[in-house]
Amino acid sequence: MGAGIAQVFAASGYQVSLYDVDQKNTQKGIEGIDKRLKKQVGKGSLSAKEYEEIMERLHLANEITAAQKADLIVEAVVEKMEVKQAIFAELDSLAPSHTVLATNTSSLPITEIAAVTTRPEKVIGMHFMNPVPVMKLVEIIRGLATTDEVYQAVYETTKKLNKTPVEVHDFPGFVSNRILMPMINEAVFTLYEGVANEEDIDQVMKLGMNHPMGPLTLADFIGLDTCLFIMETLHKGFGDDKYRPCPLLRKYVKAGWLGRKTGKGFFTYET
Ligand SMILES: NC(=O)c1ccc[n+]([C@@H]2O[C@H](COP(=O)([O-])OP(=O)(O)OC[C@H]3O[C@@H](n4cnc5c(N)ncnc54)[C@H](O)[C@@H]3O)[C@@H](O)[C@H]2O)c1
């Protein structure tokens, strides 16, 4: 996600520094961007000059101290509250006072991340969709203390990325995962209760509801561990049993059947 986000900022004229705790991943990220852009050049949708210019705007940062020069920082590290909070505390101590700190979290409360900083009014969610260069939507999530000025600035920046921002308030799952994950969870319950098999559940949603992908295929694509984690976040966050994860979802995750990435989930894949 970090590389995709860096790509869309650089393609829109911003200077971007990419930092990862593991430098191999930063390198991999830049190589991925290079490959995607070259493909566009090959197809004629990007000129060789534009390609050069975008690549020149991308800088590999070896140290997190690159934050000292940033106006906007978009964090996209692993989905763990303690890791995000540690990074936000560090970024808060390094970045200039005007710098806005954004998180690409899919489900963690923005307000709780902001609470470890001295600038909660400048902390905000920028939830990009995967794959970032392709998907138009960005959920802009306002933490409890996020000011209108900061929200507006991030909203305008998102539009400059040629994306469509939507305003969201900070509640578990935001809008996207609050609606998507219970639908996936319900599809798993439908399978668990023997109402229909995997193929037919997906077929109903594809042909009957015009979804491009069935919910079980989508769950495999996202990763069943991620689906379970988000359902648990909704369940805990709202304290409402309507969000209880399906026991079958738990069982698959315990078995290591995590979807595409492990070759087996609701369907089987060649790895
Ligand atoms: N994958 C998706 O479809 C998707 C979609 C929307 C949002 N997100 C969110 O984006 C974030 C990243 O997801 P991802 O799928 O790209 O994860 P990923 O595991 O592929 O990448 C996370 C990267 O963070 C790095 N990292 C870990 N700890 C770090 C630290 N302390 N400092 C710097 N770098 C560190 C890791 O080395 C890794 O390269 C998560 O919050 C996730 O919820 C993911």
# chains A, B, ... in the order shown; residues from 1 in each chain; ligands from 1
$ residues_around --residues "A:Thr217" --least-positions-apart "3" --cutoff "12 Å" --atoms "only C-alpha atoms" --output "list in words"
Ile184, Ala187, Val188, Glu198, Glu199, Asp200, Ile201, Asp202, Gln203, Met205, Lys206, His211, Pro212, Met213, Gly214, Asp220, Phe221, Ile222, Gly223, Leu224, Leu258, Gly259, Arg260, Lys264, Gly265, Phe266, Phe267, Thr268 and Tyr269 of chain A
$ select_by_dssp --residues "stretch 27-163 of chain A" --states "strand (DSSP E)" --output "list in words"
Leu58, His59, Leu60, Leu72, Ile73, Val74, Glu75, Val100, Leu101, Ala102, Thr103, Val123, Ile124, Gly125, Met126, His127, Phe128, Leu137, Val138, Glu139, Ile140, Ile141 and Arg142 of chain A
$ write_last_selection --atoms "C-alpha atoms" --output "tab-separated table (two decimals), in the first residue's frame"
chain	number	residue	atom	x	y	z
A	58	LEU	CA	10.60	9.53	-5.58
A	59	HIS	CA	13.33	9.42	-2.96
A	60	LEU	CA	14.41	6.47	-0.88
A	72	LEU	CA	2.28	15.55	4.97
A	73	ILE	CA	3.17	12.07	6.20
A	74	VAL	CA	1.04	9.07	5.21
A	75	GLU	CA	1.75	6.04	7.40
A	100	VAL	CA	-0.14	16.73	9.02
A	101	LEU	CA	0.13	13.10	10.13
A	102	ALA	CA	-2.17	10.74	8.19
A	103	THR	CA	-2.74	7.02	8.60
A	123	VAL	CA	-3.95	13.72	12.72
A	124	ILE	CA	-6.32	12.25	10.13
A	125	GLY	CA	-7.16	9.01	8.29
A	126	MET	CA	-6.48	8.68	4.56
A	127	HIS	CA	-7.84	5.24	3.72
A	128	PHE	CA	-6.76	4.34	0.19
A	137	LEU	CA	-11.91	6.16	-3.54
A	138	VAL	CA	-10.17	7.59	-0.47
A	139	GLU	CA	-12.03	7.67	2.85
A	140	ILE	CA	-10.91	10.78	4.73
A	141	ILE	CA	-11.48	10.02	8.39
A	142	ARG	CA	-11.74	12.82	10.90
$ residues_near_ligand --ligand "ligand 1" --cutoff "6 Å" --atoms "only C-alpha atoms and all ligand atoms" --output "PyMOL selection string"
chain A and resi 1-2+20-22+25+76-79+83+104-106+127-130
$ write_last_selection --atoms "all heavy atoms" --output "tab-separated table (two decimals), in the first residue's frame"
chain	number	residue	atom	x	y	z
A	1	MET	N	0.83	-1.20	0.00
A	1	MET	CA	0.00	0.00	0.00
A	1	MET	C	0.87	1.25	0.00
A	1	MET	O	0.57	2.22	-0.70
A	1	MET	CB	-0.92	0.02	1.24
A	1	MET	CG	-2.03	-1.00	1.20
A	1	MET	SD	-3.17	-0.84	-0.17
A	1	MET	CE	-4.16	0.58	0.33
A	2	GLY	N	1.96	1.21	0.75
A	2	GLY	CA	2.85	2.38	0.84
A	2	GLY	C	3.40	2.78	-0.53
A	2	GLY	O	3.40	3.96	-0.89
A	20	ASP	N	10.77	2.68	5.02
A	20	ASP	CA	10.29	1.44	5.60
A	20	ASP	C	11.35	0.97	6.59
A	20	ASP	O	12.55	1.17	6.36
A	20	ASP	CB	10.10	0.37	4.51
A	20	ASP	CG	9.26	-0.81	4.97
A	20	ASP	OD1	9.71	-1.56	5.87
A	20	ASP	OD2	8.15	-1.00	4.43
A	21	VAL	N	10.93	0.35	7.68
A	21	VAL	CA	11.87	-0.13	8.68
A	21	VAL	C	12.82	-1.17	8.05
A	21	VAL	O	13.97	-1.30	8.45
A	21	VAL	CB	11.12	-0.67	9.92
A	21	VAL	CG1	10.43	-2.00	9.61
A	21	VAL	CG2	11.99	-0.77	11.13
A	22	ASP	N	12.30	-1.88	7.04
A	22	ASP	CA	13.11	-2.85	6.31
A	22	ASP	C	13.42	-2.27	4.92
A	22	ASP	O	12.53	-2.19	4.07
A	22	ASP	CB	12.31	-4.17	6.20
A	22	ASP	CG	13.09	-5.27	5.50
A	22	ASP	OD1	14.12	-4.97	4.87
A	22	ASP	OD2	12.64	-6.43	5.59
A	25	ASN	N	12.17	-3.63	1.62
A	25	ASN	CA	10.79	-3.36	1.21
A	25	ASN	C	10.66	-2.02	0.50
A	25	ASN	O	9.85	-1.88	-0.42
A	25	ASN	CB	9.86	-3.40	2.42
A	25	ASN	CG	9.68	-4.81	2.94
A	25	ASN	OD1	10.06	-5.77	2.26
A	25	ASN	ND2	9.14	-4.96	4.13
A	76	ALA	N	1.68	3.80	6.45
A	76	ALA	CA	1.01	2.58	5.96
A	76	ALA	C	1.78	1.35	6.46
A	76	ALA	O	2.15	0.47	5.68
A	76	ALA	CB	0.94	2.60	4.44
A	77	VAL	N	2.05	1.30	7.76
A	77	VAL	CA	2.74	0.13	8.33
A	77	VAL	C	1.70	-0.91	8.74
A	77	VAL	O	0.50	-0.72	8.52
A	77	VAL	CB	3.65	0.52	9.55
A	77	VAL	CG1	4.60	1.63	9.17
A	77	VAL	CG2	2.84	0.88	10.77
A	78	VAL	N	2.15	-2.01	9.32
A	78	VAL	CA	1.25	-3.11	9.69
A	78	VAL	C	0.09	-2.61	10.57
A	78	VAL	O	0.23	-1.65	11.31
A	78	VAL	CB	2.01	-4.23	10.42
A	78	VAL	CG1	2.88	-5.02	9.46
A	78	VAL	CG2	2.87	-3.67	11.54
A	79	GLU	N	-1.03	-3.36	10.46
A	79	GLU	CA	-2.27	-2.94	11.14
A	79	GLU	C	-2.24	-3.34	12.63
A	79	GLU	O	-2.99	-4.21	13.07
A	79	GLU	CB	-3.46	-3.58	10.41
A	79	GLU	CG	-4.83	-3.09	10.83
A	79	GLU	CD	-5.21	-1.71	10.29
A	79	GLU	OE1	-4.32	-0.94	9.90
A	79	GLU	OE2	-6.41	-1.42	10.31
A	83	VAL	N	2.14	-0.59	17.14
A	83	VAL	CA	3.17	-0.19	16.16
A	83	VAL	C	2.83	1.21	15.63
A	83	VAL	O	3.70	2.09	15.55
A	83	VAL	CB	3.25	-1.21	15.00
A	83	VAL	CG1	4.29	-0.78	13.97
A	83	VAL	CG2	3.59	-2.60	15.53
A	104	ASN	N	-3.12	5.30	6.95
A	104	ASN	CA	-3.88	4.54	5.95
A	104	ASN	C	-4.57	3.33	6.61
A	104	ASN	O	-4.96	2.39	5.94
A	104	ASN	CB	-2.92	4.07	4.85
A	104	ASN	CG	-3.62	3.32	3.72
A	104	ASN	OD1	-4.62	3.77	3.21
A	104	ASN	ND2	-3.08	2.17	3.35
A	105	THR	N	-4.73	3.38	7.93
A	105	THR	CA	-5.35	2.23	8.61
A	105	THR	C	-6.71	1.88	8.00
A	105	THR	O	-7.46	2.76	7.59
A	105	THR	CB	-5.53	2.52	10.12
A	105	THR	OG1	-6.17	1.38	10.71
A	105	THR	CG2	-6.38	3.75	10.40
A	106	SER	N	-7.02	0.57	7.98
A	106	SER	CA	-8.30	0.11	7.45
A	106	SER	C	-9.36	0.05	8.53
A	106	SER	O	-10.54	-0.06	8.22
A	106	SER	CB	-8.18	-1.33	6.92
A	106	SER	OG	-7.07	-1.49	6.14
A	127	HIS	N	-7.70	6.67	3.98
A	127	HIS	CA	-7.84	5.24	3.72
A	127	HIS	C	-7.95	5.00	2.21
A	127	HIS	O	-9.02	5.16	1.62
A	127	HIS	CB	-9.06	4.69	4.47
A	127	HIS	CG	-9.25	3.22	4.33
A	127	HIS	ND1	-10.47	2.60	4.45
A	127	HIS	CD2	-8.35	2.22	4.08
A	127	HIS	CE1	-10.32	1.30	4.28
A	127	HIS	NE2	-9.06	1.05	4.04
A	128	PHE	N	-6.81	4.64	1.62
A	128	PHE	CA	-6.76	4.34	0.19
A	128	PHE	C	-7.24	2.90	-0.01
A	128	PHE	O	-7.16	2.07	0.89
A	128	PHE	CB	-5.32	4.45	-0.33
A	128	PHE	CG	-4.81	5.86	-0.39
A	128	PHE	CD1	-4.26	6.48	0.73
A	128	PHE	CD2	-4.85	6.57	-1.57
A	128	PHE	CE1	-3.78	7.78	0.67
A	128	PHE	CE2	-4.37	7.87	-1.64
A	128	PHE	CZ	-3.83	8.48	-0.52
A	129	MET	N	-7.71	2.61	-1.22
A	129	MET	CA	-8.16	1.25	-1.55
A	129	MET	C	-7.08	0.55	-2.38
A	129	MET	O	-6.28	1.21	-3.05
A	129	MET	CB	-9.47	1.29	-2.35
A	129	MET	CG	-10.58	2.07	-1.68
A	129	MET	SD	-11.23	1.28	-0.18
A	129	MET	CE	-11.11	2.61	1.00
A	130	ASN	N	-7.10	-0.74	-2.35
A	130	ASN	CA	-6.09	-1.56	-3.03
A	130	ASN	C	-6.61	-2.07	-4.38
A	130	ASN	O	-7.72	-2.61	-4.41
A	130	ASN	CB	-5.76	-2.75	-2.11
A	130	ASN	CG	-4.57	-3.54	-2.55
A	130	ASN	OD1	-3.79	-3.11	-3.39
A	130	ASN	ND2	-4.42	-4.72	-2.00
$ select_by_dssp --residues "stretch 2-177 of chain A" --states "helix (DSSP H, G or I)" --output "compact mmCIF listing (two decimals) with N, CA, C and O atoms, in the first residue's frame"
# COMPACT_ATOMS: atom_id res chain seq x y z
N GLY A 2 1.96 1.21 0.75
CA GLY A 2 2.85 2.38 0.84
C GLY A 2 3.40 2.78 -0.53
O GLY A 2 3.40 3.96 -0.89
N ALA A 3 3.83 1.78 -1.30
CA ALA A 3 4.39 2.07 -2.63
C ALA A 3 3.32 2.65 -3.55
O ALA A 3 3.58 3.59 -4.31
N GLY A 4 2.12 2.10 -3.49
CA GLY A 4 1.01 2.61 -4.31
C GLY A 4 0.70 4.06 -3.97
O GLY A 4 0.48 4.90 -4.85
N ILE A 5 0.69 4.36 -2.68
CA ILE A 5 0.40 5.73 -2.22
C ILE A 5 1.51 6.67 -2.70
O ILE A 5 1.24 7.75 -3.24
N ALA A 6 2.76 6.22 -2.56
CA ALA A 6 3.90 7.04 -3.02
C ALA A 6 3.78 7.31 -4.52
O ALA A 6 4.01 8.43 -4.98
N GLN A 7 3.38 6.29 -5.26
CA GLN A 7 3.26 6.44 -6.72
C GLN A 7 2.23 7.51 -7.10
O GLN A 7 2.51 8.37 -7.93
N VAL A 8 1.06 7.48 -6.47
CA VAL A 8 0.03 8.46 -6.87
C VAL A 8 0.41 9.88 -6.47
O VAL A 8 0.12 10.83 -7.19
N PHE A 9 1.11 10.03 -5.36
CA PHE A 9 1.57 11.38 -4.97
C PHE A 9 2.62 11.88 -5.97
O PHE A 9 2.53 13.00 -6.46
N ALA A 10 3.60 11.03 -6.30
CA ALA A 10 4.66 11.44 -7.24
C ALA A 10 4.08 11.73 -8.62
O ALA A 10 4.49 12.69 -9.28
N ALA A 11 3.09 10.94 -9.04
CA ALA A 11 2.48 11.14 -10.36
C ALA A 11 1.70 12.45 -10.41
O ALA A 11 1.44 12.99 -11.47
N GLN A 23 14.68 -1.88 4.73
CA GLN A 23 15.04 -1.19 3.47
C GLN A 23 14.78 -2.02 2.22
O GLN A 23 14.55 -1.46 1.15
N LYS A 24 14.79 -3.33 2.38
CA LYS A 24 14.50 -4.21 1.22
C LYS A 24 13.09 -3.91 0.69
O LYS A 24 12.84 -3.95 -0.49
N ASN A 25 12.17 -3.63 1.62
CA ASN A 25 10.79 -3.36 1.21
C ASN A 25 10.66 -2.02 0.50
O ASN A 25 9.85 -1.88 -0.42
N THR A 26 11.46 -1.03 0.90
CA THR A 26 11.42 0.27 0.21
C THR A 26 11.90 0.06 -1.22
O THR A 26 11.31 0.57 -2.16
N GLN A 27 12.99 -0.69 -1.33
CA GLN A 27 13.56 -0.97 -2.65
C GLN A 27 12.55 -1.70 -3.53
O GLN A 27 12.32 -1.34 -4.68
N LYS A 28 11.90 -2.70 -2.91
CA LYS A 28 10.88 -3.48 -3.64
C LYS A 28 9.73 -2.57 -4.08
O LYS A 28 9.21 -2.69 -5.18
N GLY A 29 9.39 -1.65 -3.21
CA GLY A 29 8.31 -0.69 -3.51
C GLY A 29 8.64 0.15 -4.72
O GLY A 29 7.82 0.31 -5.64
N ILE A 30 9.87 0.70 -4.74
CA ILE A 30 10.30 1.55 -5.86
C ILE A 30 10.36 0.74 -7.15
O ILE A 30 9.94 1.19 -8.21
N GLU A 31 10.84 -0.50 -7.04
CA GLU A 31 10.91 -1.36 -8.23
C GLU A 31 9.51 -1.65 -8.80
O GLU A 31 9.30 -1.66 -9.99
N GLY A 32 8.57 -1.84 -7.88
CA GLY A 32 7.17 -2.09 -8.29
C GLY A 32 6.60 -0.88 -9.03
O GLY A 32 5.94 -1.02 -10.06
N ILE A 33 6.89 0.31 -8.51
CA ILE A 33 6.41 1.55 -9.15
C ILE A 33 7.02 1.65 -10.55
O ILE A 33 6.33 1.92 -11.54
N ASP A 34 8.33 1.42 -10.62
CA ASP A 34 9.06 1.49 -11.89
C ASP A 34 8.42 0.56 -12.93
O ASP A 34 8.18 0.95 -14.07
N LYS A 35 8.12 -0.65 -12.50
CA LYS A 35 7.54 -1.65 -13.40
C LYS A 35 6.15 -1.20 -13.89
O LYS A 35 5.85 -1.28 -15.08
N ARG A 36 5.34 -0.71 -12.95
CA ARG A 36 3.98 -0.28 -13.33
C ARG A 36 4.02 0.89 -14.30
O ARG A 36 3.27 0.93 -15.27
N LEU A 37 4.92 1.85 -14.03
CA LEU A 37 4.99 3.03 -14.91
C LEU A 37 5.51 2.65 -16.29
O LEU A 37 5.02 3.16 -17.30
N LYS A 38 6.50 1.75 -16.34
CA LYS A 38 7.06 1.32 -17.64
C LYS A 38 5.97 0.64 -18.47
O LYS A 38 5.93 0.80 -19.69
N LYS A 39 5.10 -0.09 -17.81
CA LYS A 39 3.98 -0.75 -18.49
C LYS A 39 3.08 0.32 -19.13
O LYS A 39 2.64 0.18 -20.26
N GLN A 40 2.85 1.41 -18.37
CA GLN A 40 2.02 2.50 -18.90
C GLN A 40 2.68 3.15 -20.10
O GLN A 40 2.02 3.52 -21.06
N VAL A 41 4.02 3.30 -20.03
CA VAL A 41 4.77 3.89 -21.16
C VAL A 41 4.60 2.96 -22.38
O VAL A 41 4.33 3.42 -23.49
N GLY A 42 4.72 1.67 -22.13
CA GLY A 42 4.58 0.68 -23.20
C GLY A 42 3.21 0.77 -23.87
O GLY A 42 3.08 0.59 -25.07
N LYS A 43 2.19 1.05 -23.05
CA LYS A 43 0.82 1.12 -23.59
C LYS A 43 0.52 2.48 -24.22
O LYS A 43 -0.54 2.69 -24.79
N ALA A 48 7.61 8.96 -22.01
CA ALA A 48 8.91 8.62 -21.41
C ALA A 48 9.37 9.77 -20.52
O ALA A 48 9.96 9.55 -19.45
N LYS A 49 9.04 11.00 -20.91
CA LYS A 49 9.43 12.18 -20.12
C LYS A 49 8.68 12.19 -18.77
O LYS A 49 9.27 12.42 -17.72
N GLU A 50 7.38 11.90 -18.84
CA GLU A 50 6.57 11.85 -17.60
C GLU A 50 7.10 10.77 -16.67
O GLU A 50 7.18 10.97 -15.45
N TYR A 51 7.44 9.62 -17.25
CA TYR A 51 8.00 8.52 -16.47
C TYR A 51 9.25 8.99 -15.71
O TYR A 51 9.36 8.79 -14.49
N GLU A 52 10.18 9.65 -16.45
CA GLU A 52 11.42 10.15 -15.84
C GLU A 52 11.09 11.11 -14.70
O GLU A 52 11.68 11.05 -13.62
N GLU A 53 10.15 12.02 -14.96
CA GLU A 53 9.82 13.05 -13.96
C GLU A 53 9.25 12.43 -12.69
O GLU A 53 9.58 12.82 -11.58
N ILE A 54 8.36 11.44 -12.86
CA ILE A 54 7.75 10.79 -11.68
C ILE A 54 8.84 10.08 -10.87
O ILE A 54 8.92 10.24 -9.65
N MET A 55 9.71 9.34 -11.58
CA MET A 55 10.75 8.59 -10.88
C MET A 55 11.71 9.54 -10.14
O MET A 55 12.18 9.22 -9.04
N GLU A 56 11.95 10.71 -10.73
CA GLU A 56 12.85 11.68 -10.08
C GLU A 56 12.25 12.28 -8.80
O GLU A 56 12.97 12.77 -7.94
N ILE A 64 14.14 7.51 9.36
CA ILE A 64 12.82 8.10 9.62
C ILE A 64 12.94 9.63 9.80
O ILE A 64 11.95 10.35 9.70
N THR A 65 14.17 10.11 10.00
CA THR A 65 14.39 11.56 10.16
C THR A 65 14.02 12.34 8.90
O THR A 65 13.94 13.57 8.93
N ALA A 66 13.76 11.62 7.78
CA ALA A 66 13.25 12.29 6.57
C ALA A 66 11.95 13.05 6.91
O ALA A 66 11.57 13.99 6.22
N ALA A 67 11.31 12.63 7.99
CA ALA A 67 10.06 13.28 8.44
C ALA A 67 10.27 14.76 8.76
O ALA A 67 9.31 15.54 8.73
N GLN A 68 11.52 15.13 9.03
CA GLN A 68 11.81 16.53 9.39
C GLN A 68 11.51 17.50 8.25
O GLN A 68 11.37 18.69 8.47
N LYS A 69 11.45 16.97 7.02
CA LYS A 69 11.23 17.85 5.86
C LYS A 69 9.83 17.70 5.27
O LYS A 69 9.53 18.30 4.24
N MET A 81 -2.15 -1.50 16.51
CA MET A 81 -2.25 -0.23 17.21
C MET A 81 -0.93 0.16 17.88
O MET A 81 -0.49 1.31 17.78
N GLU A 82 -0.25 -0.81 18.54
CA GLU A 82 0.95 -0.43 19.28
C GLU A 82 2.07 0.03 18.34
O GLU A 82 2.83 0.95 18.65
N VAL A 83 2.14 -0.59 17.14
CA VAL A 83 3.17 -0.19 16.16
C VAL A 83 2.83 1.21 15.63
O VAL A 83 3.70 2.09 15.55
N LYS A 84 1.57 1.43 15.30
CA LYS A 84 1.18 2.74 14.76
C LYS A 84 1.39 3.83 15.81
O LYS A 84 1.90 4.91 15.50
N GLN A 85 1.00 3.55 17.05
CA GLN A 85 1.17 4.58 18.09
C GLN A 85 2.65 4.93 18.31
O GLN A 85 3.00 6.09 18.45
N ALA A 86 3.51 3.91 18.29
CA ALA A 86 4.95 4.17 18.48
C ALA A 86 5.47 5.05 17.35
O ALA A 86 6.24 6.00 17.58
N ILE A 87 5.04 4.78 16.12
CA ILE A 87 5.50 5.56 14.97
C ILE A 87 4.95 6.98 15.03
O ILE A 87 5.67 7.95 14.78
N PHE A 88 3.69 7.12 15.41
CA PHE A 88 3.10 8.47 15.47
C PHE A 88 3.78 9.31 16.55
O PHE A 88 3.99 10.51 16.37
N ALA A 89 4.14 8.68 17.66
CA ALA A 89 4.83 9.43 18.72
C ALA A 89 6.19 9.90 18.19
O ALA A 89 6.60 11.05 18.41
N GLU A 90 6.87 9.03 17.46
CA GLU A 90 8.18 9.39 16.91
C GLU A 90 8.06 10.48 15.84
O GLU A 90 8.81 11.46 15.83
N LEU A 91 7.08 10.29 14.93
CA LEU A 91 6.88 11.29 13.86
C LEU A 91 6.52 12.64 14.46
O LEU A 91 6.97 13.68 13.99
N ASP A 92 5.73 12.61 15.51
CA ASP A 92 5.31 13.86 16.17
C ASP A 92 6.51 14.62 16.73
O ASP A 92 6.58 15.85 16.66
N SER A 93 7.51 13.85 17.23
CA SER A 93 8.69 14.50 17.80
C SER A 93 9.64 14.99 16.70
O SER A 93 10.44 15.89 16.94
N LEU A 94 9.55 14.41 15.51
CA LEU A 94 10.49 14.76 14.43
C LEU A 94 9.95 15.83 13.48
O LEU A 94 10.68 16.72 13.05
N ILE A 110 -8.71 6.43 14.59
CA ILE A 110 -7.80 7.55 14.33
C ILE A 110 -7.57 8.32 15.64
O ILE A 110 -6.45 8.73 15.95
N THR A 111 -8.64 8.47 16.42
CA THR A 111 -8.59 9.24 17.66
C THR A 111 -7.58 8.63 18.64
O THR A 111 -6.86 9.35 19.34
N GLU A 112 -7.53 7.29 18.68
CA GLU A 112 -6.63 6.59 19.59
C GLU A 112 -5.17 6.73 19.12
O GLU A 112 -4.25 6.83 19.94
N ILE A 113 -4.97 6.75 17.81
CA ILE A 113 -3.61 6.95 17.28
C ILE A 113 -3.18 8.39 17.57
O ILE A 113 -2.07 8.66 18.02
N ALA A 114 -4.12 9.33 17.35
CA ALA A 114 -3.82 10.76 17.54
C ALA A 114 -3.48 11.09 19.00
O ALA A 114 -2.71 12.01 19.28
N PRO A 120 -3.11 16.25 18.05
CA PRO A 120 -4.25 15.43 17.57
C PRO A 120 -5.11 16.16 16.54
O PRO A 120 -5.76 15.53 15.72
N GLU A 121 -5.06 17.50 16.56
CA GLU A 121 -5.85 18.27 15.58
C GLU A 121 -5.30 18.13 14.17
O GLU A 121 -5.99 18.42 13.20
N LYS A 122 -4.05 17.66 14.07
CA LYS A 122 -3.43 17.50 12.73
C LYS A 122 -3.27 16.02 12.37
O LYS A 122 -2.48 15.68 11.50
N ASP A 148 -11.23 21.53 11.02
CA ASP A 148 -11.81 21.71 9.68
C ASP A 148 -10.72 22.07 8.68
O ASP A 148 -10.75 21.63 7.54
N GLU A 149 -9.75 22.89 9.09
CA GLU A 149 -8.68 23.33 8.19
C GLU A 149 -7.87 22.13 7.71
O GLU A 149 -7.55 22.00 6.53
N VAL A 150 -7.51 21.26 8.65
CA VAL A 150 -6.71 20.08 8.31
C VAL A 150 -7.53 19.16 7.40
O VAL A 150 -7.05 18.66 6.38
N TYR A 151 -8.80 18.95 7.75
CA TYR A 151 -9.67 18.11 6.92
C TYR A 151 -9.73 18.67 5.50
O TYR A 151 -9.55 17.94 4.52
N GLN A 152 -9.95 19.99 5.38
CA GLN A 152 -10.08 20.63 4.07
C GLN A 152 -8.80 20.48 3.24
O GLN A 152 -8.85 20.20 2.06
N ALA A 153 -7.65 20.69 3.91
CA ALA A 153 -6.36 20.60 3.21
C ALA A 153 -6.15 19.17 2.67
O ALA A 153 -5.72 18.98 1.53
N VAL A 154 -6.48 18.17 3.48
CA VAL A 154 -6.29 16.78 3.05
C VAL A 154 -7.30 16.42 1.95
O VAL A 154 -6.97 15.71 0.99
N TYR A 155 -8.51 16.95 2.07
CA TYR A 155 -9.55 16.74 1.05
C TYR A 155 -9.07 17.29 -0.30
O TYR A 155 -9.14 16.61 -1.32
N GLU A 156 -8.54 18.52 -0.29
CA GLU A 156 -8.06 19.15 -1.53
C GLU A 156 -6.85 18.38 -2.10
O GLU A 156 -6.75 18.19 -3.30
N THR A 157 -5.95 17.97 -1.23
CA THR A 157 -4.78 17.20 -1.67
C THR A 157 -5.24 15.91 -2.35
O THR A 157 -4.72 15.53 -3.40
N THR A 158 -6.23 15.25 -1.76
CA THR A 158 -6.73 13.98 -2.32
C THR A 158 -7.29 14.21 -3.72
O THR A 158 -7.10 13.39 -4.62
N LYS A 159 -7.98 15.35 -3.91
CA LYS A 159 -8.53 15.64 -5.24
C LYS A 159 -7.40 15.86 -6.25
O LYS A 159 -7.52 15.47 -7.41
N LYS A 160 -6.30 16.47 -5.78
CA LYS A 160 -5.15 16.68 -6.67
C LYS A 160 -4.52 15.35 -7.09
O LYS A 160 -3.82 15.27 -8.08
N SER A 176 -16.41 1.87 4.64
CA SER A 176 -16.11 0.75 3.74
C SER A 176 -16.18 -0.60 4.45
O SER A 176 -16.95 -1.48 4.06
N ASN A 177 -15.40 -0.75 5.50
CA ASN A 177 -15.34 -2.06 6.15
C ASN A 177 -16.52 -2.34 7.07
O ASN A 177 -16.82 -3.49 7.36
$ atom_distance --atom1 "atom CA of A:Thr233" --atom2 "atom CA of A:Met181"
10.7 Å
$ closest_residue --among "A:Val132, A:Ile179, A:Lys236, A:Ala145" --to "A:Lys163" --atoms "only C-alpha atoms"
A:Val132
$ atom_distance --atom1 "atom CA of A:Tyr14" --atom2 "atom CA of A:Pro133"
14.9 Å
$ atom_distance --atom1 "atom CA of A:Gly208" --atom2 "atom CA of A:Asp225"
27.5 Å
$ decode --residues "stretch 177-185 of chain A" --atoms "N, CA, C and O atoms" --output "mmCIF file, in the first residue's frame"
data_model
loop_
_atom_site.group_PDB
_atom_site.id
_atom_site.type_symbol
_atom_site.label_atom_id
_atom_site.label_comp_id
_atom_site.auth_asym_id
_atom_site.auth_seq_id
_atom_site.Cartn_x
_atom_site.Cartn_y
_atom_site.Cartn_z
ATOM 1 N N ASN A 177 -15.399 -0.751 5.501
ATOM 2 C CA ASN A 177 -15.338 -2.064 6.148
ATOM 3 C C ASN A 177 -16.520 -2.340 7.066
ATOM 4 O O ASN A 177 -16.818 -3.494 7.358
ATOM 5 N N ARG A 178 -17.224 -1.292 7.488
ATOM 6 C CA ARG A 178 -18.424 -1.506 8.301
ATOM 7 C C ARG A 178 -19.514 -2.184 7.468
ATOM 8 O O ARG A 178 -20.351 -2.926 7.981
ATOM 9 N N ILE A 179 -19.525 -1.885 6.184
ATOM 10 C CA ILE A 179 -20.545 -2.480 5.315
ATOM 11 C C ILE A 179 -20.011 -3.754 4.643
ATOM 12 O O ILE A 179 -20.689 -4.782 4.602
ATOM 13 N N LEU A 180 -18.783 -3.676 4.154
ATOM 14 C CA LEU A 180 -18.224 -4.829 3.417
ATOM 15 C C LEU A 180 -18.024 -6.058 4.301
ATOM 16 O O LEU A 180 -18.420 -7.170 3.946
ATOM 17 N N MET A 181 -17.392 -5.862 5.478
ATOM 18 C CA MET A 181 -17.008 -7.042 6.273
ATOM 19 C C MET A 181 -18.209 -7.810 6.827
ATOM 20 O O MET A 181 -18.213 -9.048 6.775
ATOM 21 N N PRO A 182 -19.261 -7.138 7.350
ATOM 22 C CA PRO A 182 -20.429 -7.924 7.767
ATOM 23 C C PRO A 182 -21.068 -8.677 6.592
ATOM 24 O O PRO A 182 -21.605 -9.763 6.778
ATOM 25 N N MET A 183 -20.972 -8.113 5.380
ATOM 26 C CA MET A 183 -21.515 -8.840 4.222
ATOM 27 C C MET A 183 -20.700 -10.118 3.971
ATOM 28 O O MET A 183 -21.262 -11.200 3.778
ATOM 29 N N ILE A 184 -19.381 -9.980 4.019
ATOM 30 C CA ILE A 184 -18.516 -11.158 3.842
ATOM 31 C C ILE A 184 -18.782 -12.169 4.954
ATOM 32 O O ILE A 184 -18.940 -13.364 4.721
ATOM 33 N N ASN A 185 -18.861 -11.666 6.200
ATOM 34 C CA ASN A 185 -19.109 -12.540 7.367
ATOM 35 C C ASN A 185 -20.430 -13.289 7.208
ATOM 36 O O ASN A 185 -20.541 -14.460 7.544
#
